[in-house]
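Asks: I have a structure I would like to understand better, so I am pasting it below and will then ask my questions one at a time.
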Amino acid sequence: MDPIIETWQIHNRINLYLLENIAEEALADQSASKGRTVGQQFAHIHSVRLMWLKVAAPQLLEGLPKIEKENISKASLKEALELSEKAIFQLFEIAGPAGKIKGFKPHATAFLGYLISHESHHRGQIMLALKQSGHMVDQKIQYGIWEWGTR
């Protein structure tokens, strides 16, 4: 398997691992500095994926749901993140050996780095919001998000 695609899939499984280990009611948690709720952070990750797909390969948007603030649930987030992961997977396949992503420079590997950096930033914000709201993620899960060899 292409290492770029495999890395993308591992990264997405880690996002889903965190999501599945958060209580439904904790999706409304917010950090002390306000901003997006935990659920809105996950929805934002999905929305940014959609934004890039619109620019780079709009044909891949078909069937991908937008997540409205009033419809945020673990189930809707899981479904959306799984679908947008597959579409980004297809985008990497389209990039092929030349490694070009329309609208992004320099190449597909850097695009992967961008996506992982962006989404990991929001994962950190999610963890902080949960901690500050009294729903700290179990230590097993905290370590688990770093287990790239087993996810």
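We label chains A, B, ... in the order they appear in the structure tokens, count residues from 1 in each chain, and number ligands from 1 in the order shown.
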Please report, as JSON lines, each residue of stretch 32-57 of chain A lying at most 9 Å from stretch 93-108 of chain A, together with the nearest pair of atoms and the separation in Å rounded to one decimal; use only C-alpha atoms, and order rows by chain and ascending residue number.

Replies:
```
{"residue": "A:Trp52", "atom": "CA", "partner": "A:Gly103", "partner_atom": "CA", "distance": 8.2}
{"residue": "A:Val55", "atom": "CA", "partner": "A:Gly103", "partner_atom": "CA", "distance": 6.3}
{"residue": "A:Ala56", "atom": "CA", "partner": "A:Lys102", "partner_atom": "CA", "distance": 4.6}
{"residue": "A:Ala57", "atom": "CA", "partner": "A:Lys102", "partner_atom": "CA", "distance": 7.6}
```

Asks: Using only C-alpha atoms, which residues of stretch 21-48 of chain A come within 6 Å of stretch 121-142 of chain A, and what is the closest atom pair for each, with the distance in Å to one decimal? Give it as a Markdown table, sorted by chain and residue number.

Replies:
```
| residue | atom | partner | partner_atom | distance |
| --- | --- | --- | --- | --- |
| A:Gln30 | CA | A:Ala129 | CA | 5.0 |
| A:Ser31 | CA | A:Ala129 | CA | 3.9 |
| A:Val38 | CA | A:Ile126 | CA | 5.3 |
```

Asks: Would you give me, as a ChimeraX atom specification, the residues in chain A that DSSP reads as helix (DSSP H, G or I)?

Replies: /A:3-20,24-28,38-56,58-61,69-71,74-95,108-132,139-144

Asks: Between A:Ala110, A:Ile45, A:Ile72, A:Ile88, which is the closest to A:Leu60 once you count only C-alpha atoms?

Replies: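 Result for the nearest residue to A:Leu60: A:Ile88.
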
Asks: Neighbours of A:Ile5 within 9 Å (only C-alpha atoms; same-chain residues fewer than 4 positions away dropped), as a list of chain:residue names?

Replies: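 Counting only the stated atoms, we get A:Met1, A:Gln9, A:Ile10, A:Ile88, A:Phe89, A:Gln90, A:Phe92, A:Glu93, A:Leu112.
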
Asks: Store the residues picked out above, limited to C-alpha atoms, as a PDB file, in the first residue's frame.

Replies:
```pdb
ATOM      1  CA  MET A   1       0.000   0.000   0.000  1.00  0.00           C
ATOM      2  CA  GLN A   9      -5.763   6.053   7.172  1.00  0.00           C
ATOM      3  CA  ILE A  10      -3.886   5.552  10.458  1.00  0.00           C
ATOM      4  CA  ILE A  88      -9.220  12.252   0.737  1.00  0.00           C
ATOM      5  CA  PHE A  89      -7.854   8.726   0.141  1.00  0.00           C
ATOM      6  CA  GLN A  90      -9.215   8.995  -3.422  1.00  0.00           C
ATOM      7  CA  PHE A  92      -4.261  10.941  -2.936  1.00  0.00           C
ATOM      8  CA  GLU A  93      -4.902   8.224  -5.529  1.00  0.00           C
ATOM      9  CA  LEU A 112      -0.642  14.986   4.033  1.00  0.00           C
TER      10      LEU A 112
END
```

Asks: Of the residues A:Ala87, A:Val48, A:Ile145, A:Leu81, which is the one nearest to A:Leu61, using only C-alpha atoms?

Replies: A:Ala87

Asks: Quick one: residues within 10 Å of stretch 62-70 of chain A, only C-alpha atoms counted, chain neighbours fewer than 3 positions away excluded, as a list in words?

Replies: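 Answer for this query is Thr37, Gly39, Gln40, Phe42, Ala43, His44, His46, Ser47, Leu50, Pro58, Gln59, Ser73, Ser76, Leu77, Glu79, Ala80, Leu81, Glu82, Leu83, Ser84 and Ala87 of chain A.
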
Asks: Mind writing the picked residues with N, CA and C atoms as a short mmCIF file (atom, residue, chain, number, x, y, z; two decimals), in the first residue's frame?

Replies:
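Heads up, here's the output in part-v1.cif:
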```cif
data_model
loop_
_atom_site.label_atom_id
_atom_site.label_comp_id
_atom_site.auth_asym_id
_atom_site.auth_seq_id
_atom_site.Cartn_x
_atom_site.Cartn_y
_atom_site.Cartn_z
N THR A 37 -17.02 23.95 20.46
CA THR A 37 -17.20 22.83 21.37
C THR A 37 -16.42 21.63 20.82
N GLY A 39 -17.62 18.78 19.86
CA GLY A 39 -18.30 18.31 18.65
C GLY A 39 -18.04 19.20 17.46
N GLN A 40 -18.02 20.50 17.70
CA GLN A 40 -17.75 21.45 16.61
C GLN A 40 -16.32 21.34 16.11
N PHE A 42 -14.60 18.47 15.91
CA PHE A 42 -14.63 17.33 14.99
C PHE A 42 -15.32 17.72 13.68
N ALA A 43 -16.42 18.46 13.78
CA ALA A 43 -17.14 18.90 12.57
C ALA A 43 -16.25 19.80 11.71
N HIS A 44 -15.46 20.65 12.36
CA HIS A 44 -14.54 21.53 11.64
C HIS A 44 -13.49 20.71 10.86
N HIS A 46 -13.85 17.80 9.58
CA HIS A 46 -14.57 17.29 8.40
C HIS A 46 -14.79 18.42 7.39
N SER A 47 -15.19 19.58 7.85
CA SER A 47 -15.48 20.70 6.95
C SER A 47 -14.24 21.16 6.18
N LEU A 50 -13.70 18.87 3.38
CA LEU A 50 -14.63 19.19 2.29
C LEU A 50 -14.16 20.41 1.51
N PRO A 58 -13.65 18.38 -6.94
CA PRO A 58 -15.05 18.54 -6.54
C PRO A 58 -15.93 17.31 -6.81
N GLN A 59 -15.54 16.49 -7.76
CA GLN A 59 -16.31 15.29 -8.05
C GLN A 59 -16.34 14.32 -6.86
N SER A 73 -23.61 14.75 16.55
CA SER A 73 -23.69 13.59 17.44
C SER A 73 -22.47 12.72 17.13
N SER A 76 -23.16 10.99 13.78
CA SER A 76 -23.03 11.83 12.57
C SER A 76 -21.58 12.21 12.31
N LEU A 77 -20.82 12.44 13.38
CA LEU A 77 -19.40 12.77 13.22
C LEU A 77 -18.62 11.58 12.69
N GLU A 79 -19.71 9.00 10.95
CA GLU A 79 -20.05 8.75 9.55
C GLU A 79 -19.38 9.77 8.63
N ALA A 80 -19.44 11.05 9.00
CA ALA A 80 -18.86 12.10 8.16
C ALA A 80 -17.35 11.94 8.05
N LEU A 81 -16.68 11.67 9.17
CA LEU A 81 -15.22 11.52 9.14
C LEU A 81 -14.80 10.29 8.35
N GLU A 82 -15.57 9.22 8.44
CA GLU A 82 -15.24 8.03 7.63
C GLU A 82 -15.41 8.32 6.15
N LEU A 83 -16.47 9.03 5.78
CA LEU A 83 -16.71 9.33 4.37
C LEU A 83 -15.67 10.31 3.82
N SER A 84 -15.35 11.35 4.59
CA SER A 84 -14.37 12.31 4.09
C SER A 84 -12.96 11.71 4.07
N ALA A 87 -12.76 9.97 0.78
CA ALA A 87 -12.63 10.92 -0.33
C ALA A 87 -11.21 11.49 -0.41
#
```

Asks: Could you go through chain A and tell me which residues DSSP, when run on the backbone, assigns to strand (DSSP E or B), listing them as a list in words?

Replies: Gln30, Ser31, Lys34, Gly35, Arg36, Thr37, Ile101 and Phe104 of chain A

Asks: So that I can see what lies close to A:Arg13, please list as a list in words the residues with an atom at most 10 Å from it, counting only C-alpha atoms and leaving out residues fewer than 5 positions away in the same chain.

Replies: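 Here the qualifying residues turn out to be Thr7, Trp8, Leu18, Leu19, Leu81, Glu82, Glu85, Ile145, Trp148 and Arg151 of chain A.
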